[in-house]
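Coordinates as given in query23.cif (mmCIF, C-alpha atoms):
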```cif
data_query
loop_
_atom_site.label_atom_id
_atom_site.label_comp_id
_atom_site.auth_asym_id
_atom_site.auth_seq_id
_atom_site.Cartn_x
_atom_site.Cartn_y
_atom_site.Cartn_z
CA MET A 1 55.88 -86.94 81.77
CA GLY A 2 58.24 -89.86 81.36
CA ALA A 3 60.58 -89.06 84.21
CA ALA A 4 63.13 -91.84 83.89
CA ASP A 5 65.02 -90.81 86.96
CA PRO A 6 62.86 -89.31 89.72
CA LEU A 7 65.68 -88.83 92.19
CA SER A 8 67.69 -86.81 89.72
CA GLN A 9 64.61 -84.66 89.31
CA VAL A 10 64.48 -84.15 93.05
CA PHE A 11 68.14 -83.19 93.16
CA SER A 12 67.97 -80.83 90.21
CA ALA A 13 64.82 -79.26 91.60
CA LEU A 14 66.76 -78.57 94.78
CA ALA A 15 69.84 -77.31 92.95
CA ASP A 16 68.24 -73.87 92.61
CA PRO A 17 68.61 -71.52 95.61
CA THR A 18 65.18 -69.90 95.17
CA ARG A 19 63.49 -73.30 95.11
CA ARG A 20 65.46 -74.43 98.15
CA ASP A 21 64.32 -71.32 99.95
CA MET A 22 60.72 -72.00 98.95
CA VAL A 23 61.02 -75.56 100.26
CA ALA A 24 62.47 -74.27 103.52
CA ARG A 25 59.52 -71.92 103.95
CA LEU A 26 57.02 -74.63 103.08
CA SER A 27 58.54 -76.87 105.73
CA VAL A 28 57.12 -74.43 108.29
CA ALA A 29 53.61 -74.18 106.82
CA ASP A 30 51.62 -74.45 103.60
CA ALA A 31 51.49 -71.22 101.58
CA THR A 32 49.76 -69.79 98.53
CA VAL A 33 51.66 -68.79 95.39
CA ASN A 34 51.22 -65.12 96.30
CA GLN A 35 52.56 -65.67 99.79
CA LEU A 36 55.51 -67.56 98.35
CA ALA A 37 56.22 -64.84 95.79
CA ALA A 38 56.09 -61.97 98.32
CA PRO A 39 59.72 -61.97 99.54
CA TYR A 40 61.27 -62.29 96.08
CA ASP A 41 61.94 -59.64 93.50
CA VAL A 42 60.34 -61.79 90.79
CA SER A 43 56.92 -62.13 89.24
CA VAL A 44 54.24 -64.51 90.50
CA GLN A 45 54.68 -66.15 87.11
CA ALA A 46 58.34 -66.88 87.80
CA VAL A 47 57.44 -68.32 91.19
CA SER A 48 54.77 -70.47 89.55
CA LYS A 49 57.43 -71.80 87.22
CA HIS A 50 59.64 -72.75 90.16
CA LEU A 51 56.65 -74.40 91.81
CA ARG A 52 56.00 -76.46 88.72
CA VAL A 53 59.56 -77.83 88.87
CA LEU A 54 59.08 -78.73 92.53
CA GLU A 55 55.71 -80.29 91.73
CA ASP A 56 57.13 -82.36 88.87
CA ALA A 57 59.82 -83.64 91.21
CA GLY A 58 57.11 -84.69 93.66
CA LEU A 59 58.43 -82.36 96.33
CA VAL A 60 55.29 -80.26 96.66
CA SER A 61 51.63 -80.72 95.87
CA ARG A 62 48.71 -78.35 95.45
CA THR A 63 45.11 -78.88 96.41
CA LYS A 64 43.07 -79.18 93.25
CA ASP A 65 39.71 -77.81 94.43
CA ALA A 66 40.39 -75.08 96.96
CA GLN A 67 40.41 -71.55 95.58
CA ARG A 68 43.62 -70.49 97.27
CA ARG A 69 45.30 -73.72 96.22
CA PRO A 70 47.89 -73.71 99.02
CA VAL A 71 51.19 -75.41 98.27
CA HIS A 72 52.07 -78.35 100.50
CA LEU A 73 55.49 -79.89 101.07
CA GLU A 74 55.68 -83.68 100.57
CA ALA A 75 57.96 -84.63 103.42
CA GLU A 76 58.02 -88.34 102.46
CA VAL A 77 60.16 -87.57 99.44
CA PHE A 78 62.80 -86.14 101.74
CA ASP A 79 62.60 -89.23 103.95
CA LEU A 80 63.19 -91.41 100.91
CA MET A 81 66.10 -89.29 99.80
CA THR A 82 67.61 -89.60 103.23
CA LYS A 83 67.21 -93.38 103.15
CA TRP A 84 68.71 -93.57 99.70
CA ILE A 85 71.75 -91.52 100.71
CA GLU A 86 72.02 -93.70 103.81
CA ARG A 87 72.24 -96.79 101.59
CA TYR A 88 75.18 -95.29 99.71
CA ARG A 89 76.84 -94.39 102.99
CA ARG A 90 76.34 -97.92 104.24
CA GLN A 91 77.98 -99.36 101.12
CA ALA A 92 80.98 -97.11 101.75
CA GLU A 93 80.96 -98.20 105.39
CA GLU A 94 80.97 -101.87 104.37
CA ARG A 95 83.90 -101.22 102.03
CA TYR A 96 85.82 -99.49 104.80
CA GLN A 97 85.08 -102.28 107.26
CA ARG A 98 86.83 -104.59 104.81
CA LEU A 99 89.69 -102.07 104.83
CA ASP A 100 89.69 -102.12 108.68
CA ALA A 101 90.15 -105.89 108.58
CA LEU A 102 92.98 -105.60 106.09
CA LEU A 103 94.71 -102.82 108.05
CA ALA A 104 94.60 -104.95 111.20
CA GLU A 105 96.48 -107.67 109.33
CA LEU A 106 99.17 -105.43 107.85
CA PRO A 107 102.56 -105.84 109.50
CA ASP A 108 104.01 -102.59 110.83
CA GLU A 109 106.88 -102.48 108.32
CA THR A 110 104.35 -102.19 105.47
CA GLY A 111 103.49 -98.83 106.88
CA GLY A 112 105.99 -96.26 108.11
CA ASP A 113 109.62 -96.50 107.14
CA GLU A 114 111.60 -95.64 110.26
CA LYS A 115 114.30 -93.89 108.28
CA MET B 1 87.46 -98.09 121.98
CA THR B 2 86.53 -95.58 119.30
CA VAL B 3 83.76 -96.43 116.90
CA ASN B 4 84.67 -95.62 113.31
CA GLU B 5 81.63 -94.93 111.20
CA ALA B 6 81.47 -93.46 107.70
CA GLU B 7 79.84 -90.04 107.35
CA ILE B 8 78.38 -88.86 104.08
CA VAL B 9 77.98 -85.35 102.69
CA VAL B 10 75.82 -84.89 99.59
CA ASP B 11 76.18 -81.34 98.37
CA GLU B 12 73.14 -79.51 97.03
CA LYS B 13 75.04 -76.79 95.17
CA VAL B 14 77.64 -78.82 93.32
CA PRO B 15 77.33 -82.44 92.13
CA MET B 16 79.57 -83.85 94.81
CA VAL B 17 79.57 -86.70 97.30
CA GLN B 18 81.94 -86.92 100.22
CA ILE B 19 82.61 -89.84 102.53
CA ILE B 20 84.54 -89.24 105.74
CA ARG B 21 85.84 -92.20 107.70
CA GLU B 22 88.40 -92.74 110.46
CA PHE B 23 90.68 -95.75 110.84
CA ASP B 24 92.60 -97.32 113.69
CA ALA B 25 95.76 -97.31 111.61
CA PRO B 26 98.38 -94.69 110.76
CA PRO B 27 98.14 -92.76 107.44
CA GLU B 28 101.06 -94.79 106.03
CA LYS B 29 99.03 -97.99 106.17
CA VAL B 30 95.73 -96.52 104.98
CA PHE B 31 97.57 -94.90 102.07
CA GLN B 32 99.38 -98.15 101.30
CA ALA B 33 96.06 -99.98 101.12
CA HIS B 34 94.98 -97.51 98.41
CA VAL B 35 98.08 -97.54 96.21
CA ASP B 36 99.23 -101.16 96.45
CA GLN B 37 97.28 -103.13 93.85
CA GLU B 38 97.46 -106.39 95.85
CA LEU B 39 96.07 -104.69 98.95
CA PHE B 40 93.54 -102.47 97.13
CA VAL B 41 91.85 -105.42 95.46
CA ARG B 42 91.34 -107.09 98.84
CA TRP B 43 88.92 -104.49 100.20
CA ASN B 44 87.55 -102.14 97.53
CA TRP B 45 85.04 -104.56 96.00
CA PRO B 46 82.41 -106.75 97.64
CA ASP B 47 83.00 -110.50 97.80
CA GLY B 48 82.29 -112.29 94.57
CA PHE B 49 83.64 -109.55 92.33
CA GLU B 50 86.11 -110.59 89.69
CA VAL B 51 88.60 -107.76 89.31
CA THR B 52 91.38 -107.56 86.73
CA PHE B 53 94.01 -104.82 86.67
CA ASP B 54 94.99 -104.29 83.06
CA GLN B 55 97.14 -101.39 84.20
CA TRP B 56 97.92 -99.92 87.63
CA ASP B 57 100.51 -97.21 88.11
CA CYS B 58 99.48 -95.33 91.22
CA ARG B 59 101.89 -92.39 91.27
CA THR B 60 101.76 -88.77 90.09
CA GLY B 61 101.13 -88.87 86.34
CA GLY B 62 100.31 -92.60 86.36
CA ALA B 63 97.28 -94.33 84.91
CA TYR B 64 95.12 -97.39 85.40
CA ARG B 65 92.56 -99.61 83.74
CA ILE B 66 90.43 -102.02 85.72
CA THR B 67 87.89 -104.57 84.55
CA MET B 68 85.36 -105.84 87.08
CA ALA B 69 82.49 -108.26 87.03
CA GLY B 70 80.02 -108.89 89.81
CA GLU B 71 76.69 -110.69 90.02
CA ASP B 72 74.67 -108.03 88.24
CA VAL B 73 77.25 -105.42 87.27
CA ALA B 74 80.19 -105.63 84.93
CA GLY B 75 82.35 -103.07 83.24
CA SER B 76 85.68 -101.42 82.98
CA VAL B 77 87.07 -98.04 83.91
CA HIS B 78 90.24 -96.18 83.02
CA GLY B 79 91.75 -93.34 84.97
CA SER B 80 94.69 -91.03 85.56
CA PHE B 81 96.47 -90.26 88.80
CA HIS B 82 97.03 -86.52 88.86
CA ASP B 83 98.76 -86.31 92.21
CA VAL B 84 99.85 -89.06 94.53
CA LEU B 85 101.49 -87.53 97.59
CA PRO B 86 102.63 -90.30 99.94
CA ASN B 87 100.46 -90.67 103.06
CA ARG B 88 98.61 -87.42 102.33
CA LEU B 89 96.70 -87.21 99.09
CA ILE B 90 95.55 -89.04 95.96
CA VAL B 91 93.90 -87.00 93.21
CA GLN B 92 92.63 -88.92 90.21
CA THR B 93 90.08 -88.78 87.44
CA PHE B 94 88.39 -91.76 85.85
CA THR B 95 85.92 -92.64 83.13
CA PRO B 96 83.73 -95.73 82.86
CA ASP B 97 84.47 -97.18 79.40
CA ALA B 98 80.72 -97.51 78.77
CA VAL B 99 80.21 -93.73 79.07
CA PRO B 100 83.24 -92.05 77.51
CA ASP B 101 81.74 -88.56 77.88
CA VAL B 102 81.76 -88.79 81.65
CA VAL B 103 84.65 -87.97 83.93
CA ILE B 104 84.71 -88.27 87.70
CA LEU B 105 87.20 -86.34 89.80
CA GLU B 106 88.18 -88.08 93.03
CA LYS B 107 90.24 -86.78 95.87
CA HIS B 108 91.34 -88.95 98.80
CA ARG B 109 92.82 -87.00 101.66
CA PHE B 110 94.61 -88.84 104.47
CA GLU B 111 94.83 -86.94 107.72
CA ASP B 112 97.04 -88.00 110.62
CA LEU B 113 94.97 -87.88 113.81
CA GLY B 114 97.87 -88.99 115.99
CA GLY B 115 97.88 -92.09 118.18
CA GLY B 116 98.00 -94.31 115.11
CA ARG B 117 94.70 -93.04 113.72
CA THR B 118 93.78 -91.61 110.32
CA ARG B 119 90.88 -89.66 108.93
CA LEU B 120 90.13 -90.33 105.27
CA THR B 121 88.05 -87.84 103.27
CA ALA B 122 87.01 -89.19 99.88
CA THR B 123 85.44 -86.58 97.60
CA SER B 124 83.84 -87.42 94.23
CA LEU B 125 82.85 -84.64 91.87
CA VAL B 126 81.02 -85.11 88.59
CA GLU B 127 79.71 -82.78 85.89
CA SER B 128 75.98 -82.87 86.47
CA PHE B 129 73.49 -83.62 89.21
CA GLU B 130 71.90 -86.21 86.94
CA TYR B 131 75.13 -88.15 86.70
CA ARG B 132 75.94 -87.69 90.39
CA ASP B 133 72.63 -89.26 91.27
CA SER B 134 73.07 -92.19 88.92
CA PHE B 135 76.58 -92.56 90.30
CA LEU B 136 75.14 -92.68 93.81
CA ASP B 137 72.52 -95.09 92.57
CA ALA B 138 74.85 -98.07 92.04
CA GLY B 139 72.84 -100.96 93.41
CA LEU B 140 70.02 -98.83 94.75
CA VAL B 141 67.30 -99.99 92.38
CA GLU B 142 64.99 -100.83 95.25
CA ALA B 143 65.06 -97.29 96.64
CA PHE B 144 64.22 -95.97 93.20
CA ALA B 145 61.34 -98.36 92.86
CA LYS B 146 59.96 -97.13 96.17
CA LEU B 147 60.24 -93.53 95.11
CA ASP B 148 58.61 -94.35 91.78
CA ASP B 149 55.69 -95.87 93.66
CA LEU B 150 55.42 -92.87 95.90
CA LEU B 151 55.61 -90.38 93.04
CA ALA B 152 52.92 -92.30 91.21
CA THR B 153 50.53 -91.67 94.11
CA LEU B 154 51.20 -87.94 94.32
#
```
With the file now loaded, output its structure as structure tokens.
Amino acid sequence: MGAADPLSQVFSALADPTRRDMVARLSVADATVNQLAAPYDVSVQAVSKHLRVLEDAGLVSRTKDAQRRPVHLEAEVFDLMTKWIERYRRQAEERYQRLDALLAELPDETGGDEK
Amino acid sequence: MTVNEAEIVVDEKVPMVQIIREFDAPPEKVFQAHVDQELFVRWNWPDGFEVTFDQWDCRTGGAYRITMAGEDVAGSVHGSFHDVLPNRLIVQTFTPDAVPDVVILEKHRFEDLGGGRTRLTATSLVESFEYRDSFLDAGLVEAFAKLDDLLATL
């Protein structure tokens, strides 16, 4: 498949409201394609297409052998995403701790002009 | 003693990242540390970064060009300040010279919390989720490697 950038795939998979809704429902329990398609005004085919995007992004998996082939949410991918976002946050936090140190050193007249 | 800790918001609907952080300093000082080149260079990059300001005119309609070199990253960016409203707001766009098709819109809002405290909200908006994620990725190779490994097992 040659996915150069798996996290981008995860994000673009989640950029679609129908797919986000499917993920939300799968977070409660596994479901078959038919069960997933039921609440939407779209064909099972269209839902299968959405599922394929989620599958390619590693967000869901489907049992190969079982007849019903229920769709399962891969929660670990979300954990990784959370960690990855946390790293970015921490970098910002480190930058702003350097700013804290600088602000503590600034003499008051650098700030407000009492005019 | 208040603990100041950065919060992050990663939007799912638009390719945006927001960092919210409070400071034990009035807006005047926090703003100053963003517009004054001498001050800005002292905190915005990690230690060991070599940063050169080829141009820096932080006011409404101004522009800048910065060259930076760190241990494993190097490059230059150029940008435009759209609005610089003292102690309140900086709106700018910038482009990394290596990817001239890309533009990043950044908004820094400085909010006076009273009692000599400020809340800063820094919003970055890009054109695509793909670019937003690579933008977020700066220095996060390890996390990617882990995800790659995981995806390979799925």
- Message: Taking the file as I've supplied it (selection: the PyMOL selection byres ((chain B) within 6 of (chain A))), which residues are included? Please answer as a ChimeraX atom specification.
- Response: /B:6,8,12-13,28-29,43-44,130,133,151
- Message: Set the distance at 12 Å and use all atoms listed in the file: which residues neighbour B:Glu111 once local chain neighbours fewer than 6 positions away are removed? I'd like the list as a ChimeraX atom specification.
- Response: /B:20-23,25-31,86-90,117-122
Selection above as a file: C-alpha atoms, as a compact mmCIF listing (two decimals), in the coordinates of the input:
```
# COMPACT_ATOMS: atom_id res chain seq x y z
CA ILE B 20 84.54 -89.24 105.74
CA ARG B 21 85.84 -92.20 107.70
CA GLU B 22 88.40 -92.74 110.46
CA PHE B 23 90.68 -95.75 110.84
CA ALA B 25 95.76 -97.31 111.61
CA PRO B 26 98.38 -94.69 110.76
CA PRO B 27 98.14 -92.76 107.44
CA GLU B 28 101.06 -94.79 106.03
CA LYS B 29 99.03 -97.99 106.17
CA VAL B 30 95.73 -96.52 104.98
CA PHE B 31 97.57 -94.90 102.07
CA PRO B 86 102.63 -90.30 99.94
CA ASN B 87 100.46 -90.67 103.06
CA ARG B 88 98.61 -87.42 102.33
CA LEU B 89 96.70 -87.21 99.09
CA ILE B 90 95.55 -89.04 95.96
CA ARG B 117 94.70 -93.04 113.72
CA THR B 118 93.78 -91.61 110.32
CA ARG B 119 90.88 -89.66 108.93
CA LEU B 120 90.13 -90.33 105.27
CA THR B 121 88.05 -87.84 103.27
CA ALA B 122 87.01 -89.19 99.88
```
I need the residue set behind the PyMOL selection byres ((chain A and resi 27) around 12) for this file; please write it as a PDB file with C-alpha atoms, keeping the file's coordinate frame.
```
ATOM      1  CA  ARG A  20      65.460 -74.430  98.150  1.00  0.00           C
ATOM      2  CA  ASP A  21      64.320 -71.320  99.950  1.00  0.00           C
ATOM      3  CA  MET A  22      60.720 -72.000  98.950  1.00  0.00           C
ATOM      4  CA  VAL A  23      61.020 -75.560 100.260  1.00  0.00           C
ATOM      5  CA  ALA A  24      62.470 -74.270 103.520  1.00  0.00           C
ATOM      6  CA  ARG A  25      59.520 -71.920 103.950  1.00  0.00           C
ATOM      7  CA  LEU A  26      57.020 -74.630 103.080  1.00  0.00           C
ATOM      8  CA  VAL A  28      57.120 -74.430 108.290  1.00  0.00           C
ATOM      9  CA  ALA A  29      53.610 -74.180 106.820  1.00  0.00           C
ATOM     10  CA  ASP A  30      51.620 -74.450 103.600  1.00  0.00           C
ATOM     11  CA  ALA A  31      51.490 -71.220 101.580  1.00  0.00           C
ATOM     12  CA  LEU A  59      58.430 -82.360  96.330  1.00  0.00           C
ATOM     13  CA  VAL A  60      55.290 -80.260  96.660  1.00  0.00           C
ATOM     14  CA  VAL A  71      51.190 -75.410  98.270  1.00  0.00           C
ATOM     15  CA  HIS A  72      52.070 -78.350 100.500  1.00  0.00           C
ATOM     16  CA  LEU A  73      55.490 -79.890 101.070  1.00  0.00           C
ATOM     17  CA  GLU A  74      55.680 -83.680 100.570  1.00  0.00           C
ATOM     18  CA  ALA A  75      57.960 -84.630 103.420  1.00  0.00           C
ATOM     19  CA  GLU A  76      58.020 -88.340 102.460  1.00  0.00           C
ATOM     20  CA  PHE A  78      62.800 -86.140 101.740  1.00  0.00           C
TER      21      PHE A  78
END
```
- Message: Need to verify the contact set: stretch 42-48 of chain A, 12 Å, all atoms listed in the file, exclusion of same-chain residues closer than 3 positions in sequence. Can you return it as a list of chain:residue names?
- Response: A:Thr18, A:Arg19, A:Asp21, A:Met22, A:Thr32, A:Val33, A:Asn34, A:Gln35, A:Leu36, A:Ala37, A:Ala38, A:Pro39, A:Leu51, A:Arg52, A:Val53, A:Leu54, A:Glu55, A:Arg62, A:Val71
